[in-house]
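Data file: upload-v2.txt. Format and content: compact mmCIF, C-alpha atoms and all ligand atoms.
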# COMPACT_ATOMS: atom_id res chain seq x y z
CA MET A 1 54.74 161.84 86.33
CA ILE A 2 55.75 159.13 88.83
CA ARG A 3 52.71 157.33 90.31
CA ALA A 4 53.25 156.47 94.00
CA VAL A 5 51.32 154.22 96.40
CA VAL A 6 51.36 155.04 100.13
CA PRO A 7 50.59 152.17 102.54
CA GLY A 8 50.13 153.31 106.17
CA ALA A 9 48.34 156.36 104.75
CA ALA A 10 46.61 157.15 108.06
CA GLY A 11 49.84 157.03 110.10
CA LYS A 12 51.96 159.98 111.22
CA MET A 13 54.39 159.58 108.32
CA GLY A 14 51.66 158.52 105.87
CA GLY A 15 49.95 161.90 106.30
CA MET A 16 53.26 163.70 105.79
CA LEU A 17 53.99 161.67 102.64
CA ILE A 18 50.63 162.61 101.13
CA GLN A 19 51.33 166.26 101.96
CA ALA A 20 54.84 166.07 100.44
CA ILE A 21 53.53 164.38 97.27
CA ARG A 22 50.91 167.12 96.90
CA SER A 23 53.62 169.77 96.71
CA ASP A 24 55.94 167.75 94.43
CA ALA A 25 55.63 168.37 90.70
CA ALA A 26 57.23 165.05 89.69
CA VAL A 27 55.24 162.60 91.85
CA ALA A 28 51.47 161.93 92.06
CA LEU A 29 49.48 159.96 94.67
CA HIS A 30 48.29 156.86 92.77
CA ALA A 31 46.68 155.07 95.74
CA ALA A 32 46.56 155.18 99.54
CA VAL A 33 46.30 151.99 101.63
CA GLU A 34 45.85 151.03 105.28
CA ARG A 35 45.86 147.67 107.05
CA LYS A 36 42.60 145.72 106.96
CA GLY A 37 40.16 146.83 109.67
CA HIS A 38 41.73 150.29 110.16
CA ALA A 39 39.11 152.99 110.84
CA ALA A 40 40.50 155.17 108.01
CA VAL A 41 39.72 152.60 105.27
CA GLY A 42 37.03 154.08 103.00
CA THR A 43 37.82 157.68 103.95
CA GLU A 44 39.52 160.10 101.55
CA ALA A 45 43.31 160.53 101.76
CA GLU A 46 42.81 163.52 99.48
CA PRO A 47 40.06 164.51 97.06
CA GLY A 48 39.58 161.64 94.59
CA VAL A 49 41.81 159.13 96.45
CA THR A 50 39.99 156.82 98.89
CA ILE A 51 42.07 154.80 101.37
CA GLY A 52 41.80 151.11 100.43
CA ASP A 53 42.95 147.94 102.21
CA ASP A 54 44.21 145.88 99.24
CA PHE A 55 47.88 146.72 98.67
CA ALA A 56 48.37 144.30 95.73
CA ARG A 57 45.45 145.88 93.90
CA ALA A 58 46.69 149.40 94.65
CA LEU A 59 49.97 148.56 92.90
CA HIS A 60 48.25 148.17 89.50
CA GLY A 61 49.59 150.91 87.23
CA ALA A 62 51.94 152.29 89.92
CA ASP A 63 55.67 153.06 89.50
CA VAL A 64 56.72 153.05 93.15
CA TYR A 65 55.41 152.64 96.71
CA ILE A 66 56.68 154.34 99.88
CA ASP A 67 56.66 152.25 103.07
CA PHE A 68 56.62 153.98 106.46
CA THR A 69 54.44 151.39 108.22
CA ALA A 70 55.50 148.78 110.79
CA PRO A 71 58.36 146.23 110.82
CA GLU A 72 55.96 143.26 110.56
CA ALA A 73 54.38 144.69 107.37
CA THR A 74 57.52 145.54 105.38
CA GLY A 75 58.48 142.01 104.22
CA THR A 76 55.02 141.21 102.84
CA LEU A 77 54.70 144.60 101.13
CA VAL A 78 58.07 144.35 99.37
CA ALA A 79 57.39 140.78 98.16
CA GLN A 80 54.06 141.91 96.67
CA ALA A 81 55.74 144.87 94.94
CA ALA A 82 58.52 142.66 93.54
CA ALA A 83 55.93 140.30 92.04
CA ARG A 84 54.34 143.29 90.27
CA ARG A 85 57.65 145.02 89.37
CA VAL A 86 56.86 148.19 91.32
CA ALA A 87 59.89 150.01 92.80
CA ALA A 88 60.17 150.45 96.59
CA VAL A 89 61.18 153.18 99.03
CA ILE A 90 61.42 151.80 102.58
CA GLY A 91 61.68 154.01 105.66
CA THR A 92 60.23 151.66 108.27
CA THR A 93 62.75 151.01 111.06
CA GLY A 94 63.28 148.20 113.58
CA LEU A 95 63.26 145.67 110.71
CA SER A 96 63.71 142.00 111.64
CA PRO A 97 66.30 139.77 109.91
CA GLU A 98 63.34 138.17 108.04
CA ALA A 99 62.19 141.55 106.70
CA ARG A 100 65.77 142.34 105.62
CA THR A 101 65.95 139.00 103.79
CA ALA A 102 62.64 139.77 102.04
CA ILE A 103 64.06 143.13 100.90
CA PHE A 104 67.24 141.42 99.65
CA HIS A 105 65.18 138.88 97.64
CA ALA A 106 62.89 141.56 96.20
CA ALA A 107 65.93 143.60 95.12
CA ALA A 108 66.73 140.89 92.56
CA ASP A 109 63.65 142.06 90.64
CA ILE A 110 63.05 145.72 91.60
CA PRO A 111 65.07 148.76 92.69
CA VAL A 112 64.69 149.45 96.44
CA VAL A 113 65.84 152.47 98.41
CA VAL A 114 66.19 151.65 102.12
CA ALA A 115 67.14 154.32 104.66
CA PRO A 116 66.69 154.62 108.41
CA ASN A 117 66.51 158.38 107.87
CA PHE A 118 65.47 160.29 104.75
CA SER A 119 66.53 163.79 105.82
CA LEU A 120 69.32 165.53 103.93
CA GLY A 121 70.83 166.76 107.20
CA VAL A 122 71.15 163.31 108.78
CA ASN A 123 72.66 161.83 105.63
CA LEU A 124 75.23 164.61 105.72
CA LEU A 125 75.80 163.90 109.44
CA LEU A 126 76.54 160.22 108.64
CA GLY A 127 79.43 161.31 106.41
CA LEU A 128 80.70 163.90 108.91
CA ALA A 129 80.62 161.38 111.79
CA GLU A 130 82.64 158.84 109.77
CA GLU A 131 85.17 161.48 108.77
CA ALA A 132 85.53 162.78 112.35
CA ALA A 133 85.97 159.25 113.73
CA ARG A 134 88.72 158.61 111.18
CA ALA A 135 90.48 161.92 111.93
CA LEU A 136 90.26 161.73 115.73
CA GLY A 137 91.13 158.04 116.12
CA PRO A 138 90.41 155.72 119.04
CA GLU A 139 91.78 158.12 121.70
CA TYR A 140 88.43 159.88 121.57
CA ASP A 141 85.56 157.93 123.13
CA VAL A 142 82.45 158.03 120.94
CA GLU A 143 78.84 157.95 122.07
CA VAL A 144 75.60 158.51 120.15
CA VAL A 145 72.64 159.91 122.10
CA GLU A 146 69.22 159.92 120.49
CA ILE A 147 65.88 161.34 121.69
CA HIS A 148 62.49 160.42 120.24
CA HIS A 149 58.79 160.81 121.09
CA ARG A 150 57.16 158.47 123.60
CA HIS A 151 55.36 156.38 120.91
CA LYS A 152 58.49 155.18 119.10
CA ARG A 153 58.61 151.36 119.23
CA ASP A 154 62.21 150.51 118.35
CA ALA A 155 65.35 151.45 120.29
CA PRO A 156 67.97 152.54 119.61
CA SER A 157 66.69 154.36 116.52
CA GLY A 158 67.66 153.10 113.07
CA THR A 159 69.47 156.39 112.57
CA ALA A 160 71.51 155.95 115.76
CA ILE A 161 72.54 152.46 114.59
CA ALA A 162 73.49 153.89 111.16
CA LEU A 163 75.59 156.55 112.95
CA ALA A 164 77.29 153.84 115.04
CA GLU A 165 78.03 151.91 111.82
CA ALA A 166 79.50 155.07 110.25
CA LEU A 167 81.70 155.62 113.33
CA ALA A 168 82.88 151.99 113.18
CA ARG A 169 83.71 152.38 109.47
CA GLY A 170 85.73 155.49 110.29
CA ARG A 171 87.76 153.47 112.77
CA ASP A 172 88.02 150.31 110.64
CA ALA A 173 86.21 148.48 113.45
CA ASP A 174 83.48 145.84 113.41
CA LEU A 175 80.45 147.39 115.17
CA ALA A 176 79.25 143.99 116.45
CA GLN A 177 82.52 143.66 118.43
CA VAL A 178 82.58 147.17 119.94
CA LYS A 179 78.97 148.28 120.36
CA ARG A 180 77.54 149.11 123.78
CA PHE A 181 73.82 149.86 123.44
CA SER A 182 73.03 150.19 127.16
CA ARG A 183 74.71 150.40 130.55
CA GLU A 184 73.41 149.43 133.96
CA GLY A 185 75.00 148.31 137.20
CA ASP A 186 78.68 147.61 137.86
CA VAL A 187 79.79 147.84 134.24
CA GLY A 188 83.37 148.84 135.06
CA ALA A 189 85.55 151.36 133.25
CA ARG A 190 84.80 152.16 129.64
CA ALA A 191 86.54 149.69 127.33
CA ASP A 192 88.90 151.08 124.69
CA GLY A 193 87.28 151.37 121.29
CA GLU A 194 83.72 151.00 122.57
CA ILE A 195 80.97 152.70 120.52
CA GLY A 196 78.07 153.60 122.80
CA VAL A 197 74.47 154.34 121.84
CA GLN A 198 71.91 155.63 124.34
CA ALA A 199 68.18 156.07 123.69
CA VAL A 200 65.99 158.67 125.45
CA ARG A 201 62.18 158.53 125.02
CA GLY A 202 59.52 161.09 125.82
CA GLY A 203 57.08 163.77 124.76
CA ASP A 204 56.63 164.59 121.11
CA VAL A 205 60.30 164.88 120.03
CA VAL A 206 60.42 164.22 116.28
CA GLY A 207 64.05 163.04 116.40
CA GLU A 208 67.38 164.24 117.76
CA HIS A 209 70.79 162.62 117.29
CA THR A 210 74.05 163.78 118.86
CA VAL A 211 77.44 162.19 118.25
CA LEU A 212 79.90 162.91 121.06
CA PHE A 213 83.66 162.60 120.66
CA LEU A 214 85.04 162.70 124.21
CA GLY A 215 88.75 163.25 124.27
CA PRO A 216 91.39 164.28 126.73
CA ALA A 217 90.43 167.82 127.80
CA GLU A 218 88.11 168.45 124.88
CA ARG A 219 84.76 167.36 123.49
CA ILE A 220 83.30 167.63 120.01
CA GLU A 221 79.57 167.28 119.39
CA LEU A 222 77.86 166.80 116.03
CA ALA A 223 74.09 167.13 116.31
CA HIS A 224 70.99 166.98 114.15
CA ARG A 225 67.54 168.01 115.33
CA ALA A 226 64.47 167.29 113.23
CA GLY A 227 61.83 170.02 113.59
CA SER A 228 59.14 168.31 111.51
CA ARG A 229 58.42 164.86 110.02
CA LEU A 230 57.99 166.65 106.70
CA ILE A 231 61.79 166.55 106.18
CA PHE A 232 61.67 162.71 106.10
CA ALA A 233 58.62 162.74 103.81
CA ARG A 234 60.20 165.17 101.36
CA GLY A 235 63.37 163.05 101.22
CA ALA A 236 61.35 159.87 100.68
CA VAL A 237 59.34 161.46 97.84
CA ARG A 238 62.61 162.62 96.27
CA ALA A 239 63.88 159.02 96.58
CA ALA A 240 60.66 157.76 94.93
CA ALA A 241 61.17 160.05 91.93
CA TRP A 242 64.83 158.94 91.72
CA VAL A 243 64.33 155.16 92.07
CA ALA A 244 61.51 154.62 89.55
CA GLY A 245 63.06 153.09 86.44
CA LYS A 246 66.48 152.34 88.05
CA PRO A 247 68.02 148.85 87.64
CA ALA A 248 67.06 146.27 90.30
CA GLY A 249 69.14 146.40 93.48
CA VAL A 250 69.38 147.97 96.93
CA TYR A 251 70.16 151.69 97.10
CA SER A 252 70.74 154.08 99.99
CA MET A 253 69.92 157.74 100.51
CA LYS A 254 73.57 158.45 99.72
CA ASP A 255 72.91 157.20 96.17
CA VAL A 256 69.77 159.33 95.90
CA LEU A 257 71.51 162.48 97.12
CA GLY A 258 74.72 161.78 95.21
CA LEU A 259 76.76 162.19 98.43
P1 LIG A 301 52.43 155.24 112.79
O1 LIG A 301 52.13 154.12 113.73
O2 LIG A 301 51.87 156.61 113.05
O3 LIG A 301 51.93 154.82 111.31
C1 LIG A 301 52.11 153.55 110.74
C2 LIG A 301 50.86 153.23 109.91
O4 LIG A 301 51.12 152.03 109.14
C3 LIG A 301 49.62 152.97 110.76
O5 LIG A 301 48.55 153.80 110.33
C4 LIG A 301 49.33 151.49 110.53
O6 LIG A 301 47.94 151.19 110.55
C5 LIG A 301 49.89 151.31 109.13
N1 LIG A 301 50.16 149.90 108.77
C6 LIG A 301 50.68 148.92 109.55
N2 LIG A 301 50.71 147.75 108.86
C7 LIG A 301 50.23 148.00 107.61
C8 LIG A 301 50.01 147.20 106.45
N3 LIG A 301 50.31 145.90 106.44
N4 LIG A 301 49.48 147.78 105.36
C9 LIG A 301 49.16 149.10 105.35
N5 LIG A 301 49.34 149.92 106.43
C10 LIG A 301 49.86 149.37 107.54
O7 LIG A 301 54.02 155.29 112.67
P2 LIG A 301 54.92 156.46 112.04
O8 LIG A 301 55.37 157.37 113.12
O9 LIG A 301 54.26 157.01 110.82
O10 LIG A 301 56.24 155.62 111.62
C11 LIG A 301 56.16 154.52 110.72
C12 LIG A 301 57.56 153.92 110.56
O11 LIG A 301 58.41 154.88 109.91
C13 LIG A 301 58.27 153.57 111.88
O12 LIG A 301 58.99 152.37 111.69
C14 LIG A 301 59.21 154.74 112.10
O13 LIG A 301 60.33 154.42 112.90
C15 LIG A 301 59.61 155.03 110.68
N6 LIG A 301 60.18 156.35 110.42
C16 LIG A 301 61.24 156.41 109.57
C17 LIG A 301 61.78 157.64 109.22
C18 LIG A 301 62.88 157.67 108.19
O14 LIG A 301 63.33 158.78 107.80
N7 LIG A 301 63.33 156.52 107.68
C19 LIG A 301 61.26 158.82 109.75
C20 LIG A 301 60.15 158.73 110.62
C21 LIG A 301 59.62 157.49 110.95
Could you quickly redo this structure as structure tokens?
Ligand code: NAD
Amino acid sequence: MIRAVVPGAAGKMGGMLIQAIRSDAAVALHAAVERKGHAAVGTEAEPGVTIGDDFARALHGADVYIDFTAPEATGTLVAQAAARRVAAVIGTTGLSPEARTAIFHAAADIPVVVAPNFSLGVNLLLGLAEEAARALGPEYDVEVVEIHHRHKRDAPSGTAIALAEALARGRDADLAQVKRFSREGDVGARADGEIGVQAVRGGDVVGEHTVLFLGPAERIELAHRAGSRLIFARGAVRAAAWVAGKPAGVYSMKDVLGL
């Protein structure tokens, strides 16, 4: 049995992770943690597991932890896990360059799965988008449109950025040179080769991503719509079972799913 720690246990994804672990035969909830001062500290995450506020202590005897918290927490959490040789699954998005560096350093000592999206469907979509971009070529303008609930902090979504990267790979382009993440004012005609990403926010939308290929007299759309956060939680728990015991290094959901 893989013993997993869940920081951010009182968050939207934290609750889903605990639910997904409960129905997974291979993974058990070892400890649940929240940030210091959170109202949920001291309450039960599930019978027999009280939410604590000491992440380092929670890691004792654990195999893996699953981080869906906040960008400012991720770097500290992964450094603590590396020091205790506990594997990591990281789903938090909007990560700063500093947090990415902390993950890179930690991956010298522990295996880490990082993914902006843990759903099977989106990971399939990443491959389809790359393939379509390669097949259609630069004559087709590409845009990614994403919609998320009104509480989402980062924009565009980590998944939309991953889709833009996949499209750039399909075209042998450097995303930094061709990305257009917003438009306003007298922006002029669309530049050749541009990869656009637009973010819509509102309501309680769990997550929608559409890739548009806009060509002469035709349009292709590849879309994914998440109906429940449980799909991300199930994927992350699957990643946790997969990553425990792997050699140190950074892995993606593609590795986990064998895509
Ligand atoms: P949320 O705000 O509902 O929950 C985050 C929780 O983390 C909060 O309860 C907060 O108190 C806690 N937290 C913050 N700092 C902490 C720390 N240092 N130690 C312990 N707990 C801490 O947010 P959410 O909707 O659950 O999303 C969390 C993150 O997961 C976001 O970055 C979101 O974009 C991302 N996300 C990723 C995927 C994916 O598939 N990769 C899917 C959904 C959400």
Could you pull out the residues sitting within 6 Å of ligand LIG 301 (chain A), using only C-alpha atoms and all ligand atoms, and write them as a ChimeraX atom specification? /A:7-8,10-14,33-35,68-70,73,91-93,115-118,232
Would you save the residues from that selection as a PDB file, in the frame of the given file, using C-alpha atoms?
ATOM      1  CA  PRO A   7      50.590 152.170 102.540  1.00  0.00           C
ATOM      2  CA  GLY A   8      50.130 153.310 106.170  1.00  0.00           C
ATOM      3  CA  ALA A  10      46.610 157.150 108.060  1.00  0.00           C
ATOM      4  CA  GLY A  11      49.840 157.030 110.100  1.00  0.00           C
ATOM      5  CA  LYS A  12      51.960 159.980 111.220  1.00  0.00           C
ATOM      6  CA  MET A  13      54.390 159.580 108.320  1.00  0.00           C
ATOM      7  CA  GLY A  14      51.660 158.520 105.870  1.00  0.00           C
ATOM      8  CA  VAL A  33      46.300 151.990 101.630  1.00  0.00           C
ATOM      9  CA  GLU A  34      45.850 151.030 105.280  1.00  0.00           C
ATOM     10  CA  ARG A  35      45.860 147.670 107.050  1.00  0.00           C
ATOM     11  CA  PHE A  68      56.620 153.980 106.460  1.00  0.00           C
ATOM     12  CA  THR A  69      54.440 151.390 108.220  1.00  0.00           C
ATOM     13  CA  ALA A  70      55.500 148.780 110.790  1.00  0.00           C
ATOM     14  CA  ALA A  73      54.380 144.690 107.370  1.00  0.00           C
ATOM     15  CA  GLY A  91      61.680 154.010 105.660  1.00  0.00           C
ATOM     16  CA  THR A  92      60.230 151.660 108.270  1.00  0.00           C
ATOM     17  CA  THR A  93      62.750 151.010 111.060  1.00  0.00           C
ATOM     18  CA  ALA A 115      67.140 154.320 104.660  1.00  0.00           C
ATOM     19  CA  PRO A 116      66.690 154.620 108.410  1.00  0.00           C
ATOM     20  CA  ASN A 117      66.510 158.380 107.870  1.00  0.00           C
ATOM     21  CA  PHE A 118      65.470 160.290 104.750  1.00  0.00           C
ATOM     22  CA  PHE A 232      61.670 162.710 106.100  1.00  0.00           C
TER      23      PHE A 232
END
Grab the atom CA of Gln177 of chain A to atom CA of Arg100 of chain A distance for me, in Å with one decimal place. 21.1 Å
One decimal, in Å: what's the spacing between atom CA of Ala236 of chain A and atom CA of Val64 of chain A? 11.2 Å
Please compute the atom CA of Val122 of chain A-atom CA of Pro247 of chain A distance, one decimal, in Å.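 These atoms are spaced 25.8 Å apart.
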As a PyMOL selection string, please: the residues near segment 131-137 of chain A (cut-off 7 Å, all atoms listed in the file, same-chain neighbours under 4 positions excluded). chain A and resi 127+167+170-171
Shell around segment 208-215 of chain A at 9 Å using all atoms listed in the file, local window under 3 positions removed, as a PyMOL selection string: chain A and resi 122+129+132-133+136+139-148+159-160+163-164+205+218-226
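Comparing the minimum interatomic distances between Ile66 of chain A and each of A:Val112, A:Ala79, A:Ile90, A:Ala26, counting all atoms listed in the file, we find that A:Ile90 sits nearest.
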